[in-house]
>>> print(open('query_1.cif').read())   # mmCIF, C-alpha atoms and all ligand atoms
data_work
#
loop_
_atom_site.label_atom_id
_atom_site.label_comp_id
_atom_site.auth_asym_id
_atom_site.auth_seq_id
_atom_site.Cartn_x
_atom_site.Cartn_y
_atom_site.Cartn_z
CA MET X 1 15.13 -17.39 26.55
CA GLU X 2 16.60 -14.68 28.78
CA ASN X 3 18.97 -13.63 25.99
CA ASP X 4 16.06 -13.60 23.55
CA LEU X 5 14.10 -11.23 25.77
CA LYS X 6 17.15 -9.03 26.31
CA ALA X 7 17.76 -8.86 22.56
CA PHE X 8 14.45 -7.08 21.93
CA SER X 9 14.83 -3.36 21.48
CA LEU X 10 12.74 -0.46 20.22
CA ASP X 11 15.44 -0.17 17.54
CA PHE X 12 13.61 -3.08 15.88
CA PHE X 13 11.10 -0.45 14.69
CA SER X 14 13.83 1.71 13.11
CA LEU X 15 14.15 1.85 9.32
CA LYS X 16 17.58 3.47 9.39
CA ASP X 17 19.53 2.70 6.15
CA LYS X 18 16.47 1.10 4.53
CA VAL X 19 15.18 1.93 1.05
CA ALA X 20 11.45 1.96 0.34
CA ILE X 21 9.44 2.14 -2.87
CA VAL X 22 5.93 3.56 -2.40
CA THR X 23 3.55 3.55 -5.36
CA GLY X 24 1.10 6.44 -5.38
CA GLY X 25 3.23 8.00 -2.66
CA ASN X 26 2.53 11.58 -3.76
CA ALA X 27 -1.06 11.85 -2.47
CA GLY X 28 -3.62 10.53 -0.01
CA LEU X 29 -2.71 7.47 2.00
CA GLY X 30 0.46 6.83 0.01
CA GLN X 31 1.85 10.19 1.03
CA GLY X 32 1.20 9.24 4.67
CA TYR X 33 3.00 5.90 4.25
CA ALA X 34 5.96 7.61 2.56
CA VAL X 35 6.32 10.25 5.28
CA ALA X 36 5.97 7.59 8.03
CA LEU X 37 8.73 5.45 6.50
CA ALA X 38 10.97 8.51 6.14
CA LYS X 39 10.34 9.51 9.76
CA ALA X 40 11.46 6.00 10.77
CA GLY X 41 14.71 6.46 8.81
CA ALA X 42 14.10 5.11 5.29
CA ASP X 43 15.05 6.73 1.98
CA LEU X 44 12.14 6.90 -0.44
CA PHE X 45 11.53 6.11 -4.10
CA ILE X 46 8.08 7.34 -5.02
CA VAL X 47 6.17 6.29 -8.12
CA ALA X 48 3.14 8.08 -9.59
CA ARG X 49 1.74 9.21 -12.93
CA SER X 50 1.47 12.91 -12.16
CA GLU X 51 4.29 15.25 -11.19
CA ASN X 52 2.45 16.59 -8.17
CA TRP X 53 5.48 16.17 -5.92
CA VAL X 54 6.20 19.50 -4.25
CA GLU X 55 4.39 18.88 -0.96
CA THR X 56 5.62 15.29 -0.55
CA LYS X 57 9.20 16.31 -1.37
CA ALA X 58 9.12 19.02 1.32
CA LEU X 59 7.58 16.68 3.92
CA ILE X 60 10.20 13.98 3.33
CA GLU X 61 13.15 16.33 3.12
CA GLU X 62 12.07 17.77 6.47
CA THR X 63 12.80 14.33 7.99
CA GLY X 64 16.38 14.45 6.65
CA GLN X 65 15.87 11.42 4.37
CA ARG X 66 16.50 11.21 0.65
CA VAL X 67 13.60 11.10 -1.79
CA THR X 68 13.48 10.30 -5.50
CA PHE X 69 10.39 10.64 -7.66
CA PHE X 70 9.77 8.44 -10.65
CA LYS X 71 6.98 9.17 -13.09
CA ALA X 72 5.37 5.96 -14.33
CA ASP X 73 1.96 4.60 -15.15
CA LEU X 74 1.67 1.26 -13.40
CA THR X 75 -0.80 0.04 -16.02
CA ASN X 76 2.08 0.09 -18.51
CA ARG X 77 3.46 -3.45 -18.51
CA GLU X 78 6.97 -2.10 -19.25
CA ALA X 79 6.96 0.05 -16.10
CA HIS X 80 7.59 -2.52 -13.38
CA LYS X 81 11.07 -3.65 -14.41
CA GLU X 82 12.04 -0.04 -15.01
CA ILE X 83 10.91 1.05 -11.53
CA VAL X 84 13.05 -1.64 -9.91
CA GLU X 85 16.05 -0.86 -12.14
CA GLN X 86 15.82 2.87 -11.45
CA CYS X 87 15.52 2.36 -7.69
CA LEU X 88 18.59 0.11 -7.76
CA LYS X 89 20.45 2.70 -9.81
CA VAL X 90 19.74 5.44 -7.24
CA TYR X 91 19.98 3.49 -3.97
CA GLY X 92 21.58 0.12 -4.80
CA LYS X 93 18.90 -1.96 -3.02
CA ILE X 94 15.21 -2.34 -2.22
CA ASP X 95 14.23 -3.22 1.35
CA ILE X 96 10.55 -2.26 1.34
CA LEU X 97 7.84 -2.10 -1.31
CA VAL X 98 4.48 -0.52 -0.48
CA ASN X 99 1.93 -1.34 -3.18
CA ASN X 100 -0.40 1.56 -2.44
CA ALA X 101 -1.51 2.93 -5.85
CA GLY X 102 -5.11 2.06 -6.52
CA ILE X 103 -8.22 3.39 -8.21
CA ILE X 104 -11.95 3.00 -7.71
CA ARG X 105 -14.71 3.51 -10.30
CA ARG X 106 -18.33 3.51 -9.21
CA ALA X 107 -21.40 2.41 -11.22
CA PRO X 108 -24.33 0.05 -10.70
CA LEU X 109 -23.46 -3.55 -11.53
CA LEU X 110 -25.91 -3.84 -14.42
CA GLU X 111 -24.41 -0.79 -16.10
CA TYR X 112 -20.78 -1.46 -15.25
CA LYS X 113 -18.50 -0.84 -18.25
CA GLU X 114 -15.91 -3.36 -19.34
CA GLU X 115 -13.29 -0.62 -19.76
CA ASP X 116 -13.76 0.39 -16.09
CA TRP X 117 -13.43 -3.26 -15.01
CA ASP X 118 -10.17 -3.52 -17.00
CA ALA X 119 -8.71 -0.25 -15.66
CA VAL X 120 -9.40 -1.12 -12.01
CA MET X 121 -8.12 -4.70 -12.28
CA GLU X 122 -4.97 -3.64 -14.16
CA THR X 123 -4.11 -0.91 -11.62
CA ASN X 124 -5.14 -2.60 -8.38
CA ILE X 125 -4.04 -6.19 -8.89
CA THR X 126 -2.11 -6.92 -12.10
CA SER X 127 0.37 -4.11 -11.57
CA LEU X 128 0.72 -5.02 -7.88
CA TYR X 129 1.56 -8.60 -8.90
CA LEU X 130 4.07 -7.58 -11.58
CA LEU X 131 5.88 -4.98 -9.46
CA SER X 132 5.99 -7.30 -6.44
CA GLN X 133 7.45 -10.07 -8.59
CA GLU X 134 10.20 -7.77 -9.91
CA ALA X 135 11.01 -6.37 -6.45
CA ALA X 136 10.94 -9.86 -4.90
CA LYS X 137 13.67 -11.03 -7.32
CA VAL X 138 15.96 -8.35 -5.84
CA MET X 139 14.85 -9.07 -2.26
CA ALA X 140 15.40 -12.83 -2.74
CA GLU X 141 19.01 -12.15 -3.73
CA GLN X 142 19.41 -9.83 -0.74
CA ARG X 143 17.81 -12.51 1.47
CA SER X 144 15.58 -9.87 3.05
CA GLY X 145 12.62 -7.71 2.21
CA LYS X 146 9.20 -6.46 3.18
CA ILE X 147 6.25 -6.10 0.83
CA ILE X 148 3.20 -4.26 2.12
CA ASN X 149 0.06 -4.44 0.02
CA ILE X 150 -2.88 -2.13 0.49
CA ALA X 151 -6.09 -4.08 0.81
CA SER X 152 -9.49 -2.70 1.90
CA MET X 153 -12.66 -3.48 3.84
CA LEU X 154 -13.70 -4.81 0.41
CA SER X 155 -11.07 -7.52 0.80
CA PHE X 156 -13.60 -8.96 3.30
CA GLN X 157 -16.98 -7.62 2.17
CA GLY X 158 -18.83 -7.24 -1.13
CA GLY X 159 -19.70 -3.55 -1.21
CA LYS X 160 -21.98 -1.98 -3.80
CA PHE X 161 -21.37 -0.27 -7.15
CA VAL X 162 -17.66 -1.19 -7.21
CA PRO X 163 -17.46 -4.80 -8.53
CA PRO X 164 -13.88 -4.76 -9.86
CA TYR X 165 -12.66 -2.88 -6.77
CA THR X 166 -14.08 -5.66 -4.58
CA ALA X 167 -12.65 -8.35 -6.85
CA SER X 168 -9.24 -6.69 -6.97
CA LYS X 169 -9.04 -6.14 -3.20
CA HIS X 170 -10.06 -9.74 -2.46
CA ALA X 171 -7.28 -10.70 -4.88
CA VAL X 172 -4.81 -8.45 -3.02
CA ALA X 173 -5.55 -10.44 0.16
CA GLY X 174 -5.10 -13.75 -1.67
CA LEU X 175 -1.90 -12.70 -3.37
CA THR X 176 -0.49 -11.45 -0.05
CA LYS X 177 -0.82 -15.00 1.30
CA ALA X 178 0.45 -16.65 -1.90
CA PHE X 179 3.58 -14.45 -1.94
CA ALA X 180 4.11 -14.99 1.80
CA ASN X 181 4.10 -18.77 1.35
CA GLU X 182 6.62 -18.79 -1.48
CA LEU X 183 8.97 -16.08 -0.29
CA ALA X 184 9.30 -16.84 3.44
CA GLU X 185 12.34 -19.01 2.69
CA TYR X 186 14.14 -15.90 1.36
CA ASN X 187 13.40 -13.95 4.57
CA ILE X 188 10.83 -11.80 2.74
CA GLN X 189 7.62 -10.97 4.59
CA ILE X 190 4.49 -9.92 2.73
CA ASN X 191 1.59 -8.45 4.68
CA ALA X 192 -1.30 -6.15 3.88
CA ILE X 193 -2.95 -3.16 5.50
CA ALA X 194 -6.72 -3.03 5.09
CA PRO X 195 -7.77 0.56 5.80
CA GLY X 196 -11.30 1.35 6.80
CA TYR X 197 -12.89 4.54 5.55
CA VAL X 198 -10.19 7.18 5.18
CA ALA X 199 -10.71 10.80 4.20
CA THR X 200 -8.82 11.11 0.88
CA ALA X 201 -9.62 12.23 -2.70
CA ASN X 202 -10.64 8.64 -3.42
CA THR X 203 -13.53 8.80 -0.93
CA ALA X 204 -14.59 12.44 -1.47
CA PRO X 205 -17.71 11.44 -3.50
CA ILE X 206 -19.12 9.32 -0.65
CA ARG X 207 -18.25 11.88 2.02
CA ASP X 208 -20.06 14.50 -0.09
CA ASP X 209 -23.16 12.29 -0.24
CA GLU X 210 -24.84 13.20 3.07
CA LYS X 211 -26.96 10.02 3.26
CA ARG X 212 -24.02 7.65 2.57
CA ASN X 213 -21.75 9.62 4.87
CA THR X 214 -24.24 9.37 7.76
CA GLU X 215 -24.80 5.64 7.13
CA ILE X 216 -21.05 4.97 7.11
CA LEU X 217 -20.31 7.03 10.21
CA SER X 218 -23.10 5.34 12.17
CA ARG X 219 -21.50 1.93 11.47
CA ILE X 220 -17.94 2.84 12.52
CA PRO X 221 -17.47 2.22 16.27
CA ALA X 222 -14.81 4.95 16.34
CA GLY X 223 -17.48 7.35 15.06
CA ARG X 224 -15.21 9.10 12.56
CA TRP X 225 -13.42 8.67 9.26
CA ALA X 226 -9.74 7.77 9.54
CA ASN X 227 -7.03 10.23 8.56
CA PRO X 228 -3.89 9.05 6.72
CA SER X 229 -1.96 9.54 9.99
CA ASP X 230 -4.06 6.75 11.58
CA LEU X 231 -2.25 4.28 9.31
CA MET X 232 1.32 5.55 9.67
CA GLY X 233 2.30 3.44 12.68
CA ALA X 234 1.17 0.20 11.03
CA VAL X 235 3.23 0.74 7.89
CA VAL X 236 6.37 1.34 9.95
CA PHE X 237 5.71 -1.81 11.99
CA LEU X 238 5.17 -3.95 8.88
CA ALA X 239 8.30 -2.52 7.23
CA SER X 240 10.48 -3.14 10.27
CA LYS X 241 12.29 -5.98 12.02
CA ALA X 242 9.63 -5.77 14.74
CA SER X 243 7.24 -7.67 12.43
CA ASP X 244 9.70 -10.31 11.16
CA TYR X 245 7.51 -13.21 12.38
CA MET X 246 4.37 -11.79 10.74
CA ASN X 247 3.72 -13.09 7.25
CA GLY X 248 0.65 -13.30 5.02
CA HIS X 249 -1.46 -11.23 7.42
CA ILE X 250 -4.18 -8.74 6.47
CA LEU X 251 -4.13 -6.05 9.14
CA ALA X 252 -7.39 -4.12 9.39
CA LEU X 253 -7.19 -0.49 10.57
CA ASP X 254 -10.84 0.34 10.51
CA GLY X 255 -11.98 2.04 13.71
CA GLY X 256 -13.69 -1.25 14.59
CA TRP X 257 -15.74 -1.56 11.34
CA LEU X 258 -15.16 -5.32 10.91
CA ALA X 259 -15.88 -6.00 14.57
CA ARG X 260 -19.50 -4.84 14.11
P1 LIG Y 301 -5.85 8.55 -3.96
O1 LIG Y 301 -5.87 9.72 -3.02
O2 LIG Y 301 -6.74 8.57 -5.16
O3 LIG Y 301 -4.35 8.28 -4.41
C1 LIG Y 301 -4.06 7.24 -5.31
C2 LIG Y 301 -2.59 7.28 -5.64
O4 LIG Y 301 -2.30 6.24 -6.59
C3 LIG Y 301 -2.17 8.59 -6.25
O5 LIG Y 301 -0.91 8.94 -5.73
C4 LIG Y 301 -2.06 8.26 -7.74
O6 LIG Y 301 -1.08 9.09 -8.29
C5 LIG Y 301 -1.61 6.80 -7.70
N1 LIG Y 301 -1.98 6.04 -8.90
C6 LIG Y 301 -3.23 5.69 -9.30
N2 LIG Y 301 -3.17 5.03 -10.46
C7 LIG Y 301 -1.86 4.94 -10.81
C8 LIG Y 301 -1.16 4.38 -11.91
N3 LIG Y 301 -1.80 3.77 -12.92
N4 LIG Y 301 0.18 4.48 -11.95
C9 LIG Y 301 0.84 5.12 -10.94
N5 LIG Y 301 0.23 5.67 -9.87
C10 LIG Y 301 -1.10 5.59 -9.81
O7 LIG Y 301 -6.22 7.20 -3.19
P2 LIG Y 301 -6.14 6.81 -1.64
O8 LIG Y 301 -7.47 6.98 -1.04
O9 LIG Y 301 -4.96 7.45 -1.00
O10 LIG Y 301 -5.91 5.23 -1.78
C11 LIG Y 301 -4.62 4.65 -1.78
C12 LIG Y 301 -4.80 3.15 -1.65
O11 LIG Y 301 -5.53 2.84 -0.47
C13 LIG Y 301 -5.57 2.51 -2.80
O12 LIG Y 301 -5.04 1.24 -3.10
C14 LIG Y 301 -6.98 2.37 -2.23
O13 LIG Y 301 -7.70 1.34 -2.86
C15 LIG Y 301 -6.65 2.04 -0.79
N6 LIG Y 301 -7.74 2.31 0.16
C16 LIG Y 301 -8.21 3.56 0.36
C17 LIG Y 301 -9.23 3.76 1.29
C18 LIG Y 301 -9.79 5.10 1.58
O14 LIG Y 301 -10.75 5.18 2.35
N7 LIG Y 301 -9.27 6.19 1.03
C19 LIG Y 301 -9.76 2.67 1.98
C20 LIG Y 301 -9.25 1.40 1.73
C21 LIG Y 301 -8.24 1.24 0.83
P3 LIG Y 301 -1.23 9.77 -9.74
O15 LIG Y 301 -2.67 10.13 -9.92
O16 LIG Y 301 -0.28 10.89 -9.72
O17 LIG Y 301 -0.78 8.69 -10.65
#
>>> encode(input="query_1.cif", output="structure tokens")
Amino acid sequence: MENDLKAFSLDFFSLKDKVAIVTGGNAGLGQGYAVALAKAGADLFIVARSENWVETKALIEETGQRVTFFKADLTNREAHKEIVEQCLKVYGKIDILVNNAGIIRRAPLLEYKEEDWDAVMETNITSLYLLSQEAAKVMAEQRSGKIINIASMLSFQGGKFVPPYTASKHAVAGLTKAFANELAEYNIQINAIAPGYVATANTAPIRDDEKRNTEILSRIPAGRWANPSDLMGAVVFLASKASDYMNGHILALDGGWLAR
């Protein structure tokens, strides 16, 4: 026991020599996760559809870590294998996968279009499943790995006007547990971060709606929207040795929203 206590070190939080894939790592929350992982010592492989990489590149290079950008649409079923192959080609391994890319489309339930249902489900859950499966094959051979899924308050609640978003984020929570159960024996941990309301492009329409914005703020005990930096510590923890005994957990970072 004494040796166990002495073995603990703040180095357990370090990501030195680790390689991380972050989907949607060029904007919003994903950019925050990517910069946090780089600050903790990881090299980054960032996947997105657009080539809007200048700011993220500068932020990561400032940390002294390597960064590679890979343009891919995660709704393309050919993309997932290619992402893993390209990351291996550049860095030779994959220690961390952050499944951050996600979309939201809003419309009343009775008018909700099938094409919007399909687009949200394909991006938020099917692509997360397929990329995790490909990355997990590599991690299983390595006998180590961390997969961090991005869930939501709508992994717990129903919400309004976003039926496939709610369905997909409940599925993210379920899949996090399913992967955790099957992959623990390979020393792979799969956990999820469930952000509360964060000020990003994704949430601009509801922040611009004064009535919704006031309603939301009045329900958050912290009394403010989160910023991407509010989530940076959690992603480092979940990517690091410090969380090795945590598996299948959905970690809410919500300013107290769920506690209400
Ligand atoms: P965002 O600002 O809209 O960024 C989304 C990112 O995903 C972008 O980098 C986008 O890059 C990428 N992306 C979307 N579809 C893609 C595709 N088919 N292939 C590749 N990349 C794709 O969103 P955000 O607010 O940062 O949200 C990030 C994640 O957090 C999402 O999963 C979201 O559901 C979740 N979340 C957000 C909040 C919030 O309050 N903001 C709360 C809870 C959960 P390109 O456009 O360049 O492809």
>>> atom_distance(input="query_1.cif", atom1="atom CA of X:Ile83", atom2="atom CA of X:Ala20")
11.9 Å
>>> residues_near_ligand(input="query_1.cif", ligand="ligand LIG 301 (chain Y)", cutoff="8 Å", atoms="only C-alpha atoms and all ligand atoms", output="number ranges by chain")
X: 23-31, 47-52, 71-76, 99-104, 123-124, 150-154, 165, 169, 194-203, 226, 228
>>> closest_residue(input="query_1.cif", among="X:Val84, X:Ala34, X:Val120, X:Ile21", to="X:Pro163", atoms="all atoms listed in the file")
X:Val120
>>> residues_around(input="query_1.cif", residues="stretch 134-143 of chain X", least_positions_apart="3", cutoff="7 Å", atoms="all atoms listed in the file", output="list in words")
His80, Lys81, Val84, Ile94, Asp95, Leu130, Leu131, Tyr186, Asn187 and Ile188 of chain X
>>> closest_residue(input="query_1.cif", among="X:Ala259, X:Ile216, X:Cys87, X:Met121", to="X:Phe69", atoms="all atoms listed in the file")
X:Cys87
>>> residues_around(input="query_1.cif", residues="stretch 237-242 of chain X", least_positions_apart="4", cutoff="6 Å", atoms="only C-alpha atoms", output="list of chain:residue names")
X:Phe12, X:Phe13, X:Lys146
>>> atom_distance(input="query_1.cif", atom1="atom CA of X:Glu182", atom2="atom CA of X:Ser243")
17.8 Å
>>> closest_residue(input="query_1.cif", among="X:Tyr112, X:Gly159, X:Ser132, X:Phe45", to="X:Val90", atoms="all atoms listed in the file")
X:Phe45
>>> residues_around(input="query_1.cif", residues="stretch 172-180 of chain X", least_positions_apart="2", cutoff="9 Å", atoms="only C-alpha atoms", output="compact mmCIF listing (two decimals) with C-alpha atoms, keeping the file's coordinate frame")
# COMPACT_ATOMS: atom_id res chain seq x y z
CA ASN X 124 -5.14 -2.60 -8.38
CA ILE X 125 -4.04 -6.19 -8.89
CA LEU X 128 0.72 -5.02 -7.88
CA TYR X 129 1.56 -8.60 -8.90
CA SER X 132 5.99 -7.30 -6.44
CA GLN X 133 7.45 -10.07 -8.59
CA ILE X 147 6.25 -6.10 0.83
CA ILE X 148 3.20 -4.26 2.12
CA ASN X 149 0.06 -4.44 0.02
CA ILE X 150 -2.88 -2.13 0.49
CA ALA X 151 -6.09 -4.08 0.81
CA SER X 152 -9.49 -2.70 1.90
CA SER X 155 -11.07 -7.52 0.80
CA PHE X 156 -13.60 -8.96 3.30
CA ALA X 167 -12.65 -8.35 -6.85
CA SER X 168 -9.24 -6.69 -6.97
CA LYS X 169 -9.04 -6.14 -3.20
CA HIS X 170 -10.06 -9.74 -2.46
CA GLU X 182 6.62 -18.79 -1.48
CA LEU X 183 8.97 -16.08 -0.29
CA ALA X 184 9.30 -16.84 3.44
CA ILE X 188 10.83 -11.80 2.74
CA GLN X 189 7.62 -10.97 4.59
CA ILE X 190 4.49 -9.92 2.73
CA ASN X 191 1.59 -8.45 4.68
CA ALA X 192 -1.30 -6.15 3.88
CA ALA X 194 -6.72 -3.03 5.09
CA ASN X 247 3.72 -13.09 7.25
CA GLY X 248 0.65 -13.30 5.02
CA HIS X 249 -1.46 -11.23 7.42
CA ILE X 250 -4.18 -8.74 6.47
>>> closest_residue(input="query_1.cif", among="X:Pro221, X:Ala119, X:Lys160, X:Trp257", to="X:Arg106", atoms="all atoms listed in the file")
X:Lys160
>>> build_atoms(input="query_1.cif", residues="stretch 165-194 of chain X", atoms="N, CA and C atoms", output="PDB file, in the frame of the given file")
ATOM      1  N   TYR X 165     -13.423  -3.283  -7.963  1.00  0.00           N
ATOM      2  CA  TYR X 165     -12.660  -2.880  -6.770  1.00  0.00           C
ATOM      3  C   TYR X 165     -12.713  -4.009  -5.749  1.00  0.00           C
ATOM      4  N   THR X 166     -13.924  -4.546  -5.530  1.00  0.00           N
ATOM      5  CA  THR X 166     -14.080  -5.660  -4.580  1.00  0.00           C
ATOM      6  C   THR X 166     -13.275  -6.867  -5.042  1.00  0.00           C
ATOM      7  N   ALA X 167     -13.383  -7.185  -6.330  1.00  0.00           N
ATOM      8  CA  ALA X 167     -12.650  -8.350  -6.850  1.00  0.00           C
ATOM      9  C   ALA X 167     -11.145  -8.141  -6.695  1.00  0.00           C
ATOM     10  N   SER X 168     -10.691  -6.942  -7.026  1.00  0.00           N
ATOM     11  CA  SER X 168      -9.240  -6.690  -6.970  1.00  0.00           C
ATOM     12  C   SER X 168      -8.727  -6.715  -5.533  1.00  0.00           C
ATOM     13  N   LYS X 169      -9.525  -6.192  -4.590  1.00  0.00           N
ATOM     14  CA  LYS X 169      -9.040  -6.140  -3.200  1.00  0.00           C
ATOM     15  C   LYS X 169      -9.118  -7.511  -2.522  1.00  0.00           C
ATOM     16  N   HIS X 170     -10.100  -8.348  -2.933  1.00  0.00           N
ATOM     17  CA  HIS X 170     -10.060  -9.740  -2.460  1.00  0.00           C
ATOM     18  C   HIS X 170      -8.799 -10.412  -3.013  1.00  0.00           C
ATOM     19  N   ALA X 171      -8.477 -10.103  -4.257  1.00  0.00           N
ATOM     20  CA  ALA X 171      -7.280 -10.700  -4.880  1.00  0.00           C
ATOM     21  C   ALA X 171      -6.000 -10.213  -4.190  1.00  0.00           C
ATOM     22  N   VAL X 172      -5.989  -8.960  -3.750  1.00  0.00           N
ATOM     23  CA  VAL X 172      -4.810  -8.450  -3.020  1.00  0.00           C
ATOM     24  C   VAL X 172      -4.586  -9.293  -1.762  1.00  0.00           C
ATOM     25  N   ALA X 173      -5.682  -9.612  -1.060  1.00  0.00           N
ATOM     26  CA  ALA X 173      -5.550 -10.440   0.160  1.00  0.00           C
ATOM     27  C   ALA X 173      -5.020 -11.825  -0.202  1.00  0.00           C
ATOM     28  N   GLY X 174      -5.542 -12.408  -1.263  1.00  0.00           N
ATOM     29  CA  GLY X 174      -5.100 -13.750  -1.670  1.00  0.00           C
ATOM     30  C   GLY X 174      -3.654 -13.769  -2.097  1.00  0.00           C
ATOM     31  N   LEU X 175      -3.274 -12.755  -2.872  1.00  0.00           N
ATOM     32  CA  LEU X 175      -1.900 -12.700  -3.370  1.00  0.00           C
ATOM     33  C   LEU X 175      -0.904 -12.445  -2.231  1.00  0.00           C
ATOM     34  N   THR X 176      -1.342 -11.698  -1.229  1.00  0.00           N
ATOM     35  CA  THR X 176      -0.490 -11.450  -0.050  1.00  0.00           C
ATOM     36  C   THR X 176      -0.100 -12.791   0.575  1.00  0.00           C
ATOM     37  N   LYS X 177      -1.098 -13.688   0.697  1.00  0.00           N
ATOM     38  CA  LYS X 177      -0.820 -15.000   1.300  1.00  0.00           C
ATOM     39  C   LYS X 177       0.013 -15.869   0.367  1.00  0.00           C
ATOM     40  N   ALA X 178      -0.299 -15.823  -0.934  1.00  0.00           N
ATOM     41  CA  ALA X 178       0.450 -16.650  -1.900  1.00  0.00           C
ATOM     42  C   ALA X 178       1.930 -16.239  -1.925  1.00  0.00           C
ATOM     43  N   PHE X 179       2.198 -14.928  -1.943  1.00  0.00           N
ATOM     44  CA  PHE X 179       3.580 -14.450  -1.940  1.00  0.00           C
ATOM     45  C   PHE X 179       4.265 -14.829  -0.617  1.00  0.00           C
ATOM     46  N   ALA X 180       3.519 -14.683   0.489  1.00  0.00           N
ATOM     47  CA  ALA X 180       4.110 -14.990   1.800  1.00  0.00           C
ATOM     48  C   ALA X 180       4.570 -16.446   1.841  1.00  0.00           C
ATOM     49  N   ASN X 181       3.754 -17.345   1.321  1.00  0.00           N
ATOM     50  CA  ASN X 181       4.100 -18.770   1.350  1.00  0.00           C
ATOM     51  C   ASN X 181       5.365 -19.064   0.558  1.00  0.00           C
ATOM     52  N   GLU X 182       5.486 -18.445  -0.612  1.00  0.00           N
ATOM     53  CA  GLU X 182       6.620 -18.790  -1.480  1.00  0.00           C
ATOM     54  C   GLU X 182       7.906 -18.063  -1.109  1.00  0.00           C
ATOM     55  N   LEU X 183       7.770 -16.896  -0.479  1.00  0.00           N
ATOM     56  CA  LEU X 183       8.970 -16.080  -0.290  1.00  0.00           C
ATOM     57  C   LEU X 183       9.524 -16.098   1.141  1.00  0.00           C
ATOM     58  N   ALA X 184       8.827 -16.788   2.044  1.00  0.00           N
ATOM     59  CA  ALA X 184       9.300 -16.840   3.440  1.00  0.00           C
ATOM     60  C   ALA X 184      10.721 -17.410   3.491  1.00  0.00           C
ATOM     61  N   GLU X 185      11.012 -18.383   2.637  1.00  0.00           N
ATOM     62  CA  GLU X 185      12.340 -19.010   2.690  1.00  0.00           C
ATOM     63  C   GLU X 185      13.477 -18.039   2.337  1.00  0.00           C
ATOM     64  N   TYR X 186      13.113 -16.919   1.681  1.00  0.00           N
ATOM     65  CA  TYR X 186      14.140 -15.900   1.360  1.00  0.00           C
ATOM     66  C   TYR X 186      14.167 -14.783   2.404  1.00  0.00           C
ATOM     67  N   ASN X 187      13.487 -14.989   3.533  1.00  0.00           N
ATOM     68  CA  ASN X 187      13.400 -13.950   4.570  1.00  0.00           C
ATOM     69  C   ASN X 187      12.697 -12.693   4.039  1.00  0.00           C
ATOM     70  N   ILE X 188      11.665 -12.918   3.224  1.00  0.00           N
ATOM     71  CA  ILE X 188      10.830 -11.800   2.740  1.00  0.00           C
ATOM     72  C   ILE X 188       9.454 -11.986   3.387  1.00  0.00           C
ATOM     73  N   GLN X 189       8.956 -10.911   4.007  1.00  0.00           N
ATOM     74  CA  GLN X 189       7.620 -10.970   4.590  1.00  0.00           C
ATOM     75  C   GLN X 189       6.665 -10.094   3.775  1.00  0.00           C
ATOM     76  N   ILE X 190       5.501 -10.648   3.503  1.00  0.00           N
ATOM     77  CA  ILE X 190       4.490  -9.920   2.730  1.00  0.00           C
ATOM     78  C   ILE X 190       3.220  -9.863   3.575  1.00  0.00           C
ATOM     79  N   ASN X 191       2.810  -8.654   3.912  1.00  0.00           N
ATOM     80  CA  ASN X 191       1.590  -8.450   4.680  1.00  0.00           C
ATOM     81  C   ASN X 191       0.766  -7.358   4.011  1.00  0.00           C
ATOM     82  N   ALA X 192      -0.458  -7.197   4.472  1.00  0.00           N
ATOM     83  CA  ALA X 192      -1.300  -6.150   3.880  1.00  0.00           C
ATOM     84  C   ALA X 192      -1.933  -5.312   4.982  1.00  0.00           C
ATOM     85  N   ILE X 193      -2.156  -4.051   4.642  1.00  0.00           N
ATOM     86  CA  ILE X 193      -2.950  -3.160   5.500  1.00  0.00           C
ATOM     87  C   ILE X 193      -4.322  -3.020   4.844  1.00  0.00           C
ATOM     88  N   ALA X 194      -5.365  -3.240   5.610  1.00  0.00           N
ATOM     89  CA  ALA X 194      -6.720  -3.030   5.090  1.00  0.00           C
ATOM     90  C   ALA X 194      -7.310  -1.806   5.796  1.00  0.00           C
TER      91      ALA X 194
END
